[in-house]
>>> print(open('my_file_19.txt').read())   # compact mmCIF, C-alpha atoms and all ligand atoms
# COMPACT_ATOMS: atom_id res chain seq x y z
CA MET A 10 -14.44 10.51 10.02
CA LYS A 11 -18.03 9.93 9.07
CA ILE A 12 -19.14 11.65 5.92
CA LYS A 13 -21.79 9.34 4.59
CA ASN A 14 -24.51 11.77 5.72
CA LEU A 15 -22.99 14.55 3.66
CA SER A 16 -25.52 14.46 0.81
CA GLN A 17 -28.39 14.55 3.29
CA VAL A 18 -27.00 17.65 5.00
CA LEU A 19 -26.25 19.32 1.68
CA GLU A 20 -29.80 18.90 0.37
CA GLY A 21 -31.05 22.27 -0.82
CA GLN A 22 -27.55 23.75 -0.82
CA PRO A 23 -26.05 25.13 -4.05
CA LYS A 24 -24.20 22.55 -6.17
CA TYR A 25 -20.78 24.14 -5.69
CA ARG A 26 -20.83 23.16 -2.03
CA TYR A 27 -19.62 19.67 -2.94
CA ALA A 28 -16.51 20.98 -4.68
CA GLN A 29 -15.93 23.40 -1.81
CA ILE A 30 -16.23 20.63 0.77
CA ASN A 31 -14.07 18.20 -1.20
CA LYS A 32 -11.35 20.81 -1.21
CA PHE A 33 -11.64 21.39 2.53
CA LEU A 34 -11.60 17.69 3.34
CA PHE A 35 -9.13 16.26 0.84
CA GLN A 36 -6.85 19.15 -0.09
CA ASP A 37 -6.78 21.31 3.03
CA TYR A 38 -7.25 18.26 5.30
CA ILE A 39 -9.39 20.05 7.85
CA SER A 40 -10.17 18.05 10.97
CA ASP A 41 -12.88 20.37 12.29
CA TRP A 42 -15.71 22.01 10.35
CA ASP A 43 -14.87 25.32 12.02
CA GLU A 44 -11.83 25.44 9.77
CA ALA A 45 -14.14 25.56 6.76
CA SER A 46 -14.54 29.27 7.25
CA SER A 47 -16.15 30.07 3.92
CA LEU A 48 -19.15 27.85 4.70
CA PRO A 49 -22.17 29.47 6.38
CA LYS A 50 -22.04 29.09 10.17
CA LYS A 51 -25.34 27.23 10.33
CA LEU A 52 -24.17 24.68 7.78
CA ARG A 53 -20.93 24.17 9.68
CA GLU A 54 -22.91 23.47 12.83
CA GLU A 55 -25.11 20.94 11.06
CA LEU A 56 -22.06 19.27 9.54
CA SER A 57 -20.33 19.05 12.92
CA VAL A 58 -23.23 17.01 14.25
CA ALA A 59 -23.99 14.83 11.20
CA CYS A 60 -20.48 14.39 9.80
CA PRO A 61 -17.83 14.38 12.54
CA LEU A 62 -14.35 14.64 11.06
CA GLU A 63 -12.28 13.20 13.86
CA ILE A 64 -10.14 10.18 12.95
CA LYS A 65 -9.41 8.15 16.07
CA ALA A 66 -5.95 6.68 15.93
CA GLU A 67 -2.84 5.77 17.85
CA VAL A 68 0.58 6.50 16.40
CA PHE A 69 3.66 4.40 17.09
CA ALA A 70 7.20 4.98 15.90
CA ALA A 71 8.45 1.86 14.19
CA GLU A 72 11.28 0.37 16.17
CA GLY A 73 14.68 1.74 15.25
CA ARG A 74 13.43 3.69 12.29
CA GLN A 75 12.95 7.31 13.08
CA LYS A 76 11.32 8.20 9.86
CA THR A 77 8.79 5.42 9.80
CA GLN A 78 5.62 5.74 11.79
CA ARG A 79 2.84 3.24 12.19
CA ALA A 80 -0.69 4.00 13.23
CA LEU A 81 -3.72 2.06 14.26
CA VAL A 82 -6.81 3.77 12.90
CA TYR A 83 -10.01 2.94 14.77
CA LEU A 84 -13.04 2.22 12.65
CA GLU A 85 -16.68 2.84 13.36
CA ASP A 86 -17.39 -0.73 14.44
CA GLY A 87 -14.57 -0.66 16.98
CA GLU A 88 -12.15 -2.63 14.81
CA SER A 89 -8.80 -1.12 13.99
CA VAL A 90 -6.50 -1.21 11.04
CA GLU A 91 -2.82 -0.55 10.63
CA THR A 92 -1.27 1.96 8.27
CA VAL A 93 2.32 3.12 7.92
CA LEU A 94 4.02 6.36 6.88
CA ILE A 95 7.52 6.02 5.48
CA ARG A 96 9.42 9.29 5.22
CA GLN A 97 12.52 8.95 3.14
CA LYS A 98 15.06 11.57 2.35
CA ALA A 99 14.84 12.00 -1.37
CA ASP A 100 17.94 10.64 -3.05
CA LYS A 101 17.79 11.91 -6.56
CA ASN A 102 20.45 9.53 -7.82
CA LYS A 103 18.93 6.43 -6.41
CA ASP A 104 15.66 5.04 -7.67
CA THR A 105 13.38 4.03 -4.87
CA ASP A 106 10.33 4.02 -7.01
CA TYR A 107 10.01 2.09 -10.20
CA ASP A 108 7.99 4.72 -11.92
CA LYS A 109 8.70 8.18 -10.71
CA ALA A 110 8.28 9.90 -14.06
CA ASP A 111 7.55 13.59 -13.73
CA ASP A 112 7.13 13.61 -9.99
CA GLN A 113 6.63 16.82 -8.08
CA ALA A 114 7.94 14.80 -5.17
CA ASP A 115 11.44 14.96 -6.60
CA LYS A 116 11.63 18.61 -5.66
CA ARG A 117 11.03 18.04 -1.95
CA GLU A 118 13.52 16.99 0.68
CA TYR A 119 11.45 14.05 1.86
CA ARG A 120 9.28 11.60 0.04
CA ASN A 121 6.33 10.30 1.96
CA THR A 122 4.94 6.90 1.20
CA VAL A 123 1.80 5.64 2.87
CA CYS A 124 1.24 1.92 3.16
CA VAL A 125 -2.48 1.17 3.36
CA SER A 126 -4.38 -1.93 4.42
CA SER A 127 -7.23 -3.23 2.31
CA GLN A 128 -8.64 -5.82 4.71
CA ILE A 129 -8.64 -6.48 8.45
CA GLY A 130 -6.45 -9.56 8.59
CA CYS A 131 -6.09 -11.74 5.51
CA PRO A 132 -7.62 -15.11 4.61
CA LEU A 133 -4.65 -16.30 2.53
CA GLY A 134 -2.48 -17.49 5.41
CA CYS A 135 1.02 -17.10 3.96
CA THR A 136 3.40 -18.77 6.42
CA PHE A 137 5.90 -15.89 6.55
CA CYS A 138 3.31 -13.16 7.09
CA ALA A 139 2.07 -11.96 10.46
CA THR A 140 -1.22 -10.77 8.96
CA GLY A 141 -1.74 -14.13 7.29
CA GLN A 142 -1.31 -15.94 10.58
CA LEU A 143 -3.91 -13.70 12.15
CA GLY A 144 -6.80 -14.86 10.01
CA PHE A 145 -9.46 -12.74 8.39
CA LEU A 146 -11.99 -10.41 9.96
CA ARG A 147 -13.53 -8.35 7.16
CA ASN A 148 -12.99 -6.24 4.06
CA LEU A 149 -12.44 -2.51 4.42
CA SER A 150 -14.72 -0.07 2.61
CA SER A 151 -13.15 2.35 0.15
CA ALA A 152 -13.85 5.13 2.66
CA GLU A 153 -11.89 3.24 5.31
CA ILE A 154 -8.98 2.83 2.90
CA VAL A 155 -9.04 6.53 1.96
CA GLU A 156 -9.27 7.50 5.63
CA GLN A 157 -5.82 5.98 6.22
CA VAL A 158 -4.33 8.39 3.67
CA VAL A 159 -6.26 11.38 5.02
CA PHE A 160 -4.99 10.53 8.50
CA TRP A 161 -1.35 10.87 7.43
CA GLN A 162 -2.03 13.97 5.31
CA ARG A 163 -3.49 15.63 8.40
CA LEU A 164 -0.52 14.58 10.51
CA LEU A 165 1.94 16.05 7.99
CA LYS A 166 -0.11 19.22 7.90
CA ALA A 167 -0.15 19.43 11.71
CA GLU A 168 3.63 19.03 11.78
CA ASN A 169 3.77 21.90 9.34
CA VAL A 170 6.44 20.21 7.29
CA GLN A 171 5.19 21.52 3.95
CA GLU A 172 4.96 17.98 2.79
CA LYS A 173 2.28 15.75 1.48
CA VAL A 174 1.78 12.10 0.83
CA ASP A 175 3.66 11.39 -2.39
CA ASN A 176 3.22 7.66 -2.89
CA ILE A 177 0.70 5.08 -1.80
CA VAL A 178 1.36 1.36 -1.61
CA PHE A 179 -1.40 -1.18 -1.08
CA MET A 180 0.94 -3.41 0.92
CA GLY A 181 -0.53 -3.30 4.39
CA MET A 182 -2.86 -5.92 5.79
CA GLY A 183 -4.89 -7.97 3.40
CA GLU A 184 -5.07 -8.99 -0.22
CA PRO A 185 -6.35 -6.04 -2.26
CA PHE A 186 -7.67 -8.23 -5.10
CA LEU A 187 -9.95 -10.11 -2.67
CA ASN A 188 -11.58 -6.74 -2.05
CA TYR A 189 -11.34 -5.53 -5.64
CA PRO A 190 -14.40 -3.22 -5.88
CA GLU A 191 -13.51 -1.24 -2.75
CA PHE A 192 -9.81 -1.24 -3.60
CA ILE A 193 -10.39 0.21 -7.08
CA LYS A 194 -12.96 2.70 -5.77
CA ALA A 195 -10.35 3.93 -3.29
CA VAL A 196 -7.70 4.22 -6.05
CA LYS A 197 -10.05 6.29 -8.22
CA PHE A 198 -11.04 8.49 -5.31
CA ILE A 199 -7.42 9.12 -4.29
CA ASN A 200 -6.59 9.82 -7.94
CA ASN A 201 -9.49 12.25 -8.51
CA PRO A 202 -8.18 15.82 -9.11
CA GLU A 203 -11.11 17.17 -7.06
CA THR A 204 -10.19 15.13 -4.00
CA LEU A 205 -6.74 13.83 -3.04
CA ASN A 206 -5.30 14.23 -6.54
CA ILE A 207 -2.47 11.71 -6.19
CA GLY A 208 -1.37 10.37 -9.57
CA ALA A 209 -2.06 6.70 -10.26
CA ARG A 210 1.60 6.37 -11.26
CA ARG A 211 2.44 7.08 -7.65
CA MET A 212 0.32 4.20 -6.39
CA SER A 213 1.34 0.54 -6.27
CA VAL A 214 -0.70 -2.54 -5.53
CA SER A 215 0.79 -5.83 -4.43
CA THR A 216 -1.01 -9.15 -4.89
CA ALA A 217 -0.27 -12.71 -3.89
CA GLY A 218 -0.91 -13.52 -7.58
CA LEU A 219 -4.70 -13.55 -7.94
CA THR A 220 -5.05 -13.76 -11.70
CA GLU A 221 -8.66 -12.48 -11.82
CA GLY A 222 -7.47 -9.26 -10.20
CA ILE A 223 -4.50 -8.92 -12.55
CA LYS A 224 -6.90 -9.27 -15.51
CA LYS A 225 -9.34 -6.74 -14.09
CA LEU A 226 -6.57 -4.24 -13.39
CA ALA A 227 -5.32 -4.60 -16.97
CA GLY A 228 -8.77 -3.49 -18.13
CA GLU A 229 -8.80 -0.31 -16.01
CA LYS A 230 -7.53 2.80 -17.67
CA LEU A 231 -5.26 3.53 -14.73
CA GLN A 232 -1.50 3.80 -14.53
CA ILE A 233 -1.17 2.23 -11.11
CA ASN A 234 1.92 0.03 -10.61
CA LEU A 235 1.47 -3.70 -10.19
CA ALA A 236 3.63 -5.87 -7.93
CA ILE A 237 3.41 -9.64 -7.61
CA SER A 238 4.47 -11.50 -4.47
CA LEU A 239 6.47 -14.36 -5.95
CA HIS A 240 8.77 -15.60 -3.14
CA ALA A 241 9.60 -18.91 -4.84
CA ALA A 242 10.76 -19.96 -8.30
CA ASN A 243 8.77 -23.19 -8.39
CA ASP A 244 5.22 -24.18 -7.53
CA SER A 245 5.99 -26.76 -4.88
CA LEU A 246 8.00 -24.37 -2.66
CA ARG A 247 5.58 -21.56 -3.38
CA GLN A 248 2.67 -23.73 -2.23
CA LYS A 249 4.46 -24.46 1.03
CA LEU A 250 5.00 -20.76 1.68
CA MET A 251 1.72 -19.47 0.27
CA PRO A 252 -1.23 -21.89 0.42
CA ILE A 253 -3.11 -19.84 -2.22
CA ALA A 254 -0.42 -20.85 -4.76
CA LYS A 255 -2.29 -24.16 -5.15
CA LYS A 256 -5.08 -22.24 -6.84
CA TYR A 257 -2.77 -20.02 -8.89
CA PRO A 258 0.18 -21.90 -10.42
CA LEU A 259 3.11 -19.84 -11.67
CA VAL A 260 2.29 -20.54 -15.31
CA ASP A 261 -1.14 -18.89 -14.89
CA ILE A 262 0.34 -15.92 -13.03
CA PHE A 263 2.97 -15.29 -15.72
CA LYS A 264 0.33 -15.62 -18.44
CA SER A 265 -1.85 -12.95 -16.75
CA VAL A 266 1.18 -10.72 -16.16
CA ASP A 267 2.27 -11.00 -19.80
CA ASP A 268 -1.28 -10.16 -20.95
CA TYR A 269 -1.27 -7.23 -18.54
CA ILE A 270 2.03 -5.97 -19.99
CA LYS A 271 0.77 -6.41 -23.56
CA LYS A 272 -2.33 -4.44 -22.76
CA THR A 273 -0.85 -1.67 -20.64
CA GLY A 274 2.81 -1.46 -21.70
CA ARG A 275 3.64 -1.06 -18.01
CA ARG A 276 6.45 -2.62 -16.02
CA VAL A 277 5.65 -5.21 -13.38
CA MET A 278 7.53 -5.68 -10.13
CA PHE A 279 8.06 -9.14 -8.66
CA GLU A 280 8.69 -9.27 -4.94
CA TYR A 281 10.89 -12.03 -3.60
CA LEU A 282 11.42 -12.46 0.12
CA MET A 283 14.88 -13.66 1.11
CA ILE A 284 14.38 -16.43 3.67
CA LYS A 285 17.43 -18.22 5.03
CA GLY A 286 17.81 -21.78 3.83
CA ILE A 287 14.35 -21.79 2.24
CA ASN A 288 14.51 -19.91 -1.06
CA ASP A 289 17.95 -18.28 -1.12
CA SER A 290 20.29 -20.89 -2.68
CA GLN A 291 22.35 -20.48 -5.83
CA LYS A 292 20.01 -22.91 -7.59
CA ASP A 293 16.99 -20.81 -6.52
CA ALA A 294 18.67 -17.74 -8.03
CA GLU A 295 19.35 -19.57 -11.29
CA ASN A 296 15.78 -20.85 -11.53
CA LEU A 297 14.43 -17.41 -10.72
CA ALA A 298 16.61 -15.88 -13.43
CA LEU A 299 15.00 -18.16 -16.00
CA LEU A 300 11.57 -16.83 -15.04
CA MET A 301 12.54 -13.18 -14.71
CA ARG A 302 14.53 -12.52 -17.85
CA LYS A 303 11.82 -10.68 -19.75
CA PRO A 304 11.45 -7.08 -20.80
CA LEU A 305 9.45 -4.98 -18.34
CA TYR A 306 9.94 -7.50 -15.52
CA LEU A 307 11.61 -6.05 -12.45
CA LEU A 308 12.69 -8.08 -9.46
CA ASN A 309 12.80 -6.74 -5.94
CA LEU A 310 14.59 -8.78 -3.30
CA ILE A 311 13.19 -8.10 0.17
CA PRO A 312 14.97 -9.33 3.30
CA TYR A 313 12.39 -11.36 5.25
CA ASN A 314 11.22 -9.49 8.31
CA ASP A 315 11.32 -11.89 11.21
CA THR A 316 7.87 -12.99 12.31
CA GLY A 317 9.20 -15.85 14.40
CA ARG A 318 8.86 -18.61 11.85
CA PHE A 319 11.92 -18.29 9.63
CA GLN A 320 15.23 -16.48 9.55
CA THR A 321 16.41 -13.72 7.27
CA SER A 322 19.09 -14.46 4.67
CA SER A 323 22.42 -12.84 5.43
CA ARG A 324 23.49 -9.70 3.61
CA GLU A 325 26.20 -11.73 1.91
CA THR A 326 23.73 -14.34 0.66
CA ILE A 327 21.45 -11.60 -0.63
CA ASN A 328 24.37 -9.98 -2.48
CA ASP A 329 25.45 -13.28 -4.05
CA PHE A 330 21.85 -14.02 -5.02
CA LYS A 331 21.54 -10.60 -6.60
CA ASN A 332 24.81 -11.00 -8.50
CA ILE A 333 23.67 -14.26 -10.08
CA LEU A 334 20.48 -12.59 -11.28
CA GLU A 335 22.27 -9.50 -12.52
CA LYS A 336 24.75 -11.59 -14.47
CA ALA A 337 21.82 -13.39 -16.06
CA GLY A 338 20.47 -10.05 -17.28
CA VAL A 339 17.61 -9.59 -14.79
CA SER A 340 16.70 -6.07 -13.58
CA VAL A 341 17.02 -6.59 -9.86
CA THR A 342 17.08 -4.33 -6.82
CA VAL A 343 17.42 -4.95 -3.12
CA ARG A 344 15.22 -2.47 -1.40
CA LEU A 345 17.00 -2.45 1.89
CA SER A 346 15.66 0.65 3.53
CA PHE A 347 12.37 1.12 1.74
CA GLY A 348 11.65 -2.58 1.51
CA SER A 349 12.48 -3.38 5.06
CA ASP A 350 10.41 -0.49 6.29
CA ILE A 351 7.44 -1.77 4.35
CA ALA A 352 8.20 -5.27 5.54
CA ALA A 353 8.53 -4.04 9.08
CA ALA A 354 5.01 -2.83 8.71
CA CYS A 355 3.79 -6.14 7.40
CA GLY A 356 5.73 -8.23 9.86
CA GLN A 357 4.59 -6.34 12.92
CA LEU A 358 0.94 -5.95 12.18
CA HIS A 359 -0.49 -8.66 14.32
CA LYS A 360 1.06 -7.46 17.58
CA ASN A 361 -1.03 -4.35 17.59
CA ILE A 362 -4.13 -6.04 16.36
CA SER A 363 -4.01 -8.55 19.20
CA ALA A 364 -3.40 -5.65 21.56
CA SER A 365 -6.41 -3.83 20.17
CA LYS A 366 -8.51 -6.96 20.49
CA GLY A 367 -7.52 -7.15 24.11
CA ARG A 368 -8.85 -3.67 24.67
CA ARG A 369 -12.32 -4.35 23.43
N1 LIG B 401 -1.52 -9.44 0.14
C1 LIG B 401 -0.68 -8.72 -0.74
C2 LIG B 401 -0.31 -7.34 -0.25
C3 LIG B 401 0.03 -7.19 1.20
S1 LIG B 401 1.51 -7.96 1.71
C4 LIG B 401 0.55 -9.52 -1.09
O1 LIG B 401 0.79 -10.55 -0.45
O2 LIG B 401 1.26 -9.15 -2.02
C5 LIG B 401 2.72 -6.86 1.05
C6 LIG B 401 4.11 -7.46 0.89
O3 LIG B 401 4.71 -7.77 2.16
C7 LIG B 401 4.09 -8.76 0.10
O4 LIG B 401 5.07 -8.79 -0.88
C8 LIG B 401 4.35 -9.76 1.18
O5 LIG B 401 4.85 -10.91 0.66
C9 LIG B 401 5.32 -9.02 2.08
N2 LIG B 401 5.51 -9.64 3.39
C10 LIG B 401 4.64 -10.35 4.12
N3 LIG B 401 5.24 -10.81 5.25
C11 LIG B 401 6.50 -10.35 5.23
C12 LIG B 401 7.62 -10.47 6.10
N4 LIG B 401 7.54 -11.18 7.21
N5 LIG B 401 8.78 -9.88 5.74
C13 LIG B 401 8.86 -9.16 4.61
N6 LIG B 401 7.84 -9.00 3.73
C14 LIG B 401 6.68 -9.60 4.05
FE1 LIG B 402 -2.25 -12.04 2.89
FE2 LIG B 402 -0.28 -10.83 1.52
FE3 LIG B 402 0.11 -11.65 4.07
FE4 LIG B 402 -0.13 -13.45 2.15
S1 LIG B 402 1.49 -11.91 2.34
S2 LIG B 402 -1.14 -13.54 4.12
S3 LIG B 402 -1.61 -12.50 0.81
S4 LIG B 402 -1.30 -10.08 3.39
>>> encode(input="my_file_19.txt", output="C-alpha cells", more="lines below")
Ligand code: SAH
Ligand code: SF4
Amino acid sequence: MKIKNLSQVLEGQPKYRYAQINKFLFQDYISDWDEASSLPKKLREELSVACPLEIKAEVFAAEGRQKTQRALVYLEDGESVETVLIRQKADKNKDTDYDKADDQADKREYRNTVCVSSQIGCPLGCTFCATGQLGFLRNLSSAEIVEQVVFWQRLLKAENVQEKVDNIVFMGMGEPFLNYPEFIKAVKFINNPETLNIGARRMSVSTAGLTEGIKKLAGEKLQINLAISLHAANDSLRQKLMPIAKKYPLVDIFKSVDDYIKKTGRRVMFEYLMIKGINDSQKDAENLALLMRKPLYLLNLIPYNDTGRFQTSSRETINDFKNILEKAGVSVTVRLSFGSDIAAACGQLHKNISASKGRR
C-alpha cells in the first residue's frame, strides 16, 4: 500500500475527500480503488496509478494452532516484516486482557489480537529471542506498522467473519521504544476515530525496559497498556539473558515504572519467561515476589518458546512457581494459550526472515 502521494492527487479536490478516503481505507478496508464507488471515476483512476492499495504478503498458519496465523508483509524496499493474528474464542469468565473495560469485543464470539513488529530485527540481542539473534536491519515507519493492522483487517473482511481487529500488541520484532516517534505515531493513527478507531486501552506495548521510553509514554495522554520484559529477579542474571540490562538496572526500571503509575494510575504488566534451570527455581520465585508485591503490578509468566538455546520449564515447575508468588500476594497469571501464541510468533520470526533473505 502506497498512499504517500495522496495529498498530491487530492490537490484541488474538496476538503471532505480526505474523510471519505480515510473511511474507505481504514474502516471499509478497501483493497482496490474501484470499491470506492462514491468517488468520481477519474479520481479513482488517478488514485489507482499514484496510490496502489495492494499489500503484498504471505500468510502461514502457525504450527499446531489453528486460530493463529502469521504473515510476512513485503515492504517497498523489498524487506519483509512479520505480523501475527491471534483469534481466540472469547471466554467471558476468563481474563485474557488486563484491561478490557467496556469492550465491544466482549460481545463477539472471537477476539482478534494483532501482534505488530516495530523494527526489522532488533539490536538488543536477548539470548532467548530469535529476533534478537538475527541482528538489526532498520526501523519501520509508522505507515509500515499501520499496514500490518490493515492487512489483517482486510483478511478478516475477505473471510466475511463479521469480525475486526480488537486488540493490538507491539510484541513482534523489535524494541518499540528504540523507534519511539514512529511507534507513537502509529498508536495515534490506529487510535484516531477517523481512521482505524481502535481504543488505546486495547493496545499494549512491551519493552525490554528502556526507561526513556517509559518516561515518554507516561507523558502521553494515551491509555495504552505498558508491559515490561523482566525475565530475571536480579541484575546479574538479567544481564546474562538481556545484554541491554547493563544499561538499565532493575532499580532504574522500577523507578520509571513507579513514576509512570503515579502519573497515569494505570496497571503495568511484567513479563517473565519461564526457562528451565535458568530463572525458574523456588529462590527465583521468592526474589521475584519481593519485587512484584506492589499495587498495580501484574505478573505474567510466559513459558519460553524454544529457539534452540534453552529449554522450557515444565508445567509443574510453572505451577509451583506461580503458587509461591500467589501465596506472597502477587497478582500473577500464566498466559498459556495467549502467551504461547504470542511467544510462538516471537520465537519463530527469524526462520521466515532468513527465508525471505534467501529469496532476494
Ligand atoms: N522488544 C520488546 C517487544 C518485543 S518482544 C520486548 O522485548 O519486550 C515481545 C515479548 O516476547 C517479550 O516479552 C519477549 O521477552 C518475549 N520473547 C522473546 N523471545 C521469546 C521466546 N523465545 N519465548 C517466549 N517469549 C519470548
Ligand atoms: Fe529485541 Fe525484545 Fe527480542 Fe530482546 S526480546 S531481542 S528486546 S525483540
>>> closest_residue(input="my_file_19.txt", among="A:Glu91, A:Glu184, A:Glu20, A:Glu191", to="ligand LIG 401 (chain B)", atoms="only C-alpha atoms and all ligand atoms")
A:Glu184
>>> atom_distance(input="my_file_19.txt", atom1="atom CA of Ser57 of chain A", atom2="atom CA of Phe192 of chain A")
28.2 Å
>>> residues_around(input="my_file_19.txt", residues="segment 150-156 of chain A", least_positions_apart="5", cutoff="7 Å", atoms="only C-alpha atoms", output="list in words")
Val125, Ser126, Ser127, Glu191, Phe192, Lys194, Ala195 and Ile199 of chain A
>>> write_last_selection(input="my_file_19.txt", atoms="C-alpha atoms", output="tab-separated table (two decimals), in the coordinates of the input")
chain	number	residue	atom	x	y	z
A	125	VAL	CA	-2.48	1.17	3.36
A	126	SER	CA	-4.38	-1.93	4.42
A	127	SER	CA	-7.23	-3.23	2.31
A	191	GLU	CA	-13.51	-1.24	-2.75
A	192	PHE	CA	-9.81	-1.24	-3.60
A	194	LYS	CA	-12.96	2.70	-5.77
A	195	ALA	CA	-10.35	3.93	-3.29
A	199	ILE	CA	-7.42	9.12	-4.29
>>> atom_distance(input="my_file_19.txt", atom1="atom CA of Asp86 of chain A", atom2="atom CA of Asn31 of chain A")
24.8 Å
>>> closest_residue(input="my_file_19.txt", among="A:Asn243, A:Gly183, A:Asn206, A:Phe33", to="Thr92 of chain A", atoms="all atoms listed in the file")
A:Gly183
>>> residues_around(input="my_file_19.txt", residues="segment 231-238 of chain A", least_positions_apart="3", cutoff="7 Å", atoms="only C-alpha atoms", output="list in words")
Ala209, Arg210, Arg211, Met212, Ser213, Val214, Ser215, Thr216, Ala217, Gly218, Val277, Met278, Phe279, Glu280 and Tyr281 of chain A
>>> residues_near_ligand(input="my_file_19.txt", ligand="ligand LIG 402 (chain B)", cutoff="10 Å", atoms="all atoms listed in the file", output="mmCIF file with C-alpha atoms, keeping the file's coordinate frame")
data_model
loop_
_atom_site.group_PDB
_atom_site.id
_atom_site.type_symbol
_atom_site.label_atom_id
_atom_site.label_comp_id
_atom_site.auth_asym_id
_atom_site.auth_seq_id
_atom_site.Cartn_x
_atom_site.Cartn_y
_atom_site.Cartn_z
ATOM 1 C CA SER A 126 -4.380 -1.930 4.420
ATOM 2 C CA SER A 127 -7.230 -3.230 2.310
ATOM 3 C CA GLN A 128 -8.640 -5.820 4.710
ATOM 4 C CA ILE A 129 -8.640 -6.480 8.450
ATOM 5 C CA GLY A 130 -6.450 -9.560 8.590
ATOM 6 C CA CYS A 131 -6.090 -11.740 5.510
ATOM 7 C CA PRO A 132 -7.620 -15.110 4.610
ATOM 8 C CA LEU A 133 -4.650 -16.300 2.530
ATOM 9 C CA GLY A 134 -2.480 -17.490 5.410
ATOM 10 C CA CYS A 135 1.020 -17.100 3.960
ATOM 11 C CA THR A 136 3.400 -18.770 6.420
ATOM 12 C CA PHE A 137 5.900 -15.890 6.550
ATOM 13 C CA CYS A 138 3.310 -13.160 7.090
ATOM 14 C CA ALA A 139 2.070 -11.960 10.460
ATOM 15 C CA THR A 140 -1.220 -10.770 8.960
ATOM 16 C CA GLY A 141 -1.740 -14.130 7.290
ATOM 17 C CA GLN A 142 -1.310 -15.940 10.580
ATOM 18 C CA LEU A 143 -3.910 -13.700 12.150
ATOM 19 C CA GLY A 144 -6.800 -14.860 10.010
ATOM 20 C CA PHE A 145 -9.460 -12.740 8.390
ATOM 21 C CA PHE A 179 -1.400 -1.180 -1.080
ATOM 22 C CA MET A 180 0.940 -3.410 0.920
ATOM 23 C CA GLY A 181 -0.530 -3.300 4.390
ATOM 24 C CA MET A 182 -2.860 -5.920 5.790
ATOM 25 C CA GLY A 183 -4.890 -7.970 3.400
ATOM 26 C CA GLU A 184 -5.070 -8.990 -0.220
ATOM 27 C CA PRO A 185 -6.350 -6.040 -2.260
ATOM 28 C CA PHE A 186 -7.670 -8.230 -5.100
ATOM 29 C CA LEU A 187 -9.950 -10.110 -2.670
ATOM 30 C CA SER A 215 0.790 -5.830 -4.430
ATOM 31 C CA THR A 216 -1.010 -9.150 -4.890
ATOM 32 C CA ALA A 217 -0.270 -12.710 -3.890
ATOM 33 C CA GLY A 218 -0.910 -13.520 -7.580
ATOM 34 C CA LEU A 219 -4.700 -13.550 -7.940
ATOM 35 C CA ILE A 237 3.410 -9.640 -7.610
ATOM 36 C CA SER A 238 4.470 -11.500 -4.470
ATOM 37 C CA LEU A 239 6.470 -14.360 -5.950
ATOM 38 C CA HIS A 240 8.770 -15.600 -3.140
ATOM 39 C CA LEU A 250 5.000 -20.760 1.680
ATOM 40 C CA MET A 251 1.720 -19.470 0.270
ATOM 41 C CA PRO A 252 -1.230 -21.890 0.420
ATOM 42 C CA ILE A 253 -3.110 -19.840 -2.220
ATOM 43 C CA ALA A 352 8.200 -5.270 5.540
ATOM 44 C CA CYS A 355 3.790 -6.140 7.400
ATOM 45 C CA GLY A 356 5.730 -8.230 9.860
ATOM 46 C CA LEU A 358 0.940 -5.950 12.180
#
>>> closest_residue(input="my_file_19.txt", among="A:Lys303, A:Arg247, A:Lys336, A:Arg163", to="ligand LIG 401 (chain B)", atoms="all atoms listed in the file")
A:Arg247
>>> residues_around(input="my_file_19.txt", residues="Leu52 of chain A", least_positions_apart="5", cutoff="10 Å", atoms="only C-alpha atoms", output="list in words")
Val18, Leu19, Gln22, Trp42 and Ser57 of chain A
>>> closest_residue(input="my_file_19.txt", among="A:Arg318, A:Lys50, A:Lys197, A:Lys285", to="ligand LIG 401 (chain B)", atoms="only C-alpha atoms and all ligand atoms")
A:Arg318
>>> axis_aligned_box(input="my_file_19.txt", around="ligand LIG 401 (chain B)", padding_each_side="6 Å", output="JSON")
{"center_x": 3.7, "center_y": -9.0, "center_z": 2.6, "size_x": 22.4, "size_y": 16.3, "size_z": 21.2}
>>> atom_distance(input="my_file_19.txt", atom1="atom CA of Arg147 of chain A", atom2="atom CA of Ala254 of chain A")
21.7 Å
>>> build_atoms(input="my_file_19.txt", residues="segment 178-184 of chain A", atoms="N, CA, C and O atoms", output="tab-separated table (two decimals), in the coordinates of the input")
chain	number	residue	atom	x	y	z
A	178	VAL	N	1.20	2.77	-1.28
A	178	VAL	CA	1.36	1.36	-1.61
A	178	VAL	C	0.27	0.54	-0.90
A	178	VAL	O	0.06	0.71	0.29
A	179	PHE	N	-0.40	-0.29	-1.66
A	179	PHE	CA	-1.40	-1.18	-1.08
A	179	PHE	C	-0.66	-2.45	-0.65
A	179	PHE	O	-0.71	-3.47	-1.31
A	180	MET	N	0.10	-2.31	0.44
A	180	MET	CA	0.94	-3.41	0.92
A	180	MET	C	0.78	-3.61	2.42
A	180	MET	O	1.63	-4.20	3.07
A	181	GLY	N	-0.28	-3.09	2.96
A	181	GLY	CA	-0.53	-3.30	4.39
A	181	GLY	C	-1.25	-4.62	4.58
A	181	GLY	O	-1.00	-5.59	3.86
A	182	MET	N	-2.16	-4.66	5.53
A	182	MET	CA	-2.86	-5.92	5.79
A	182	MET	C	-3.81	-6.24	4.66
A	182	MET	O	-4.50	-5.37	4.14
A	183	GLY	N	-3.85	-7.51	4.32
A	183	GLY	CA	-4.89	-7.97	3.40
A	183	GLY	C	-4.46	-8.12	1.96
A	183	GLY	O	-3.39	-7.66	1.55
A	184	GLU	N	-5.30	-8.78	1.20
A	184	GLU	CA	-5.07	-8.99	-0.22
A	184	GLU	C	-6.03	-8.08	-1.00
A	184	GLU	O	-7.24	-8.33	-1.04
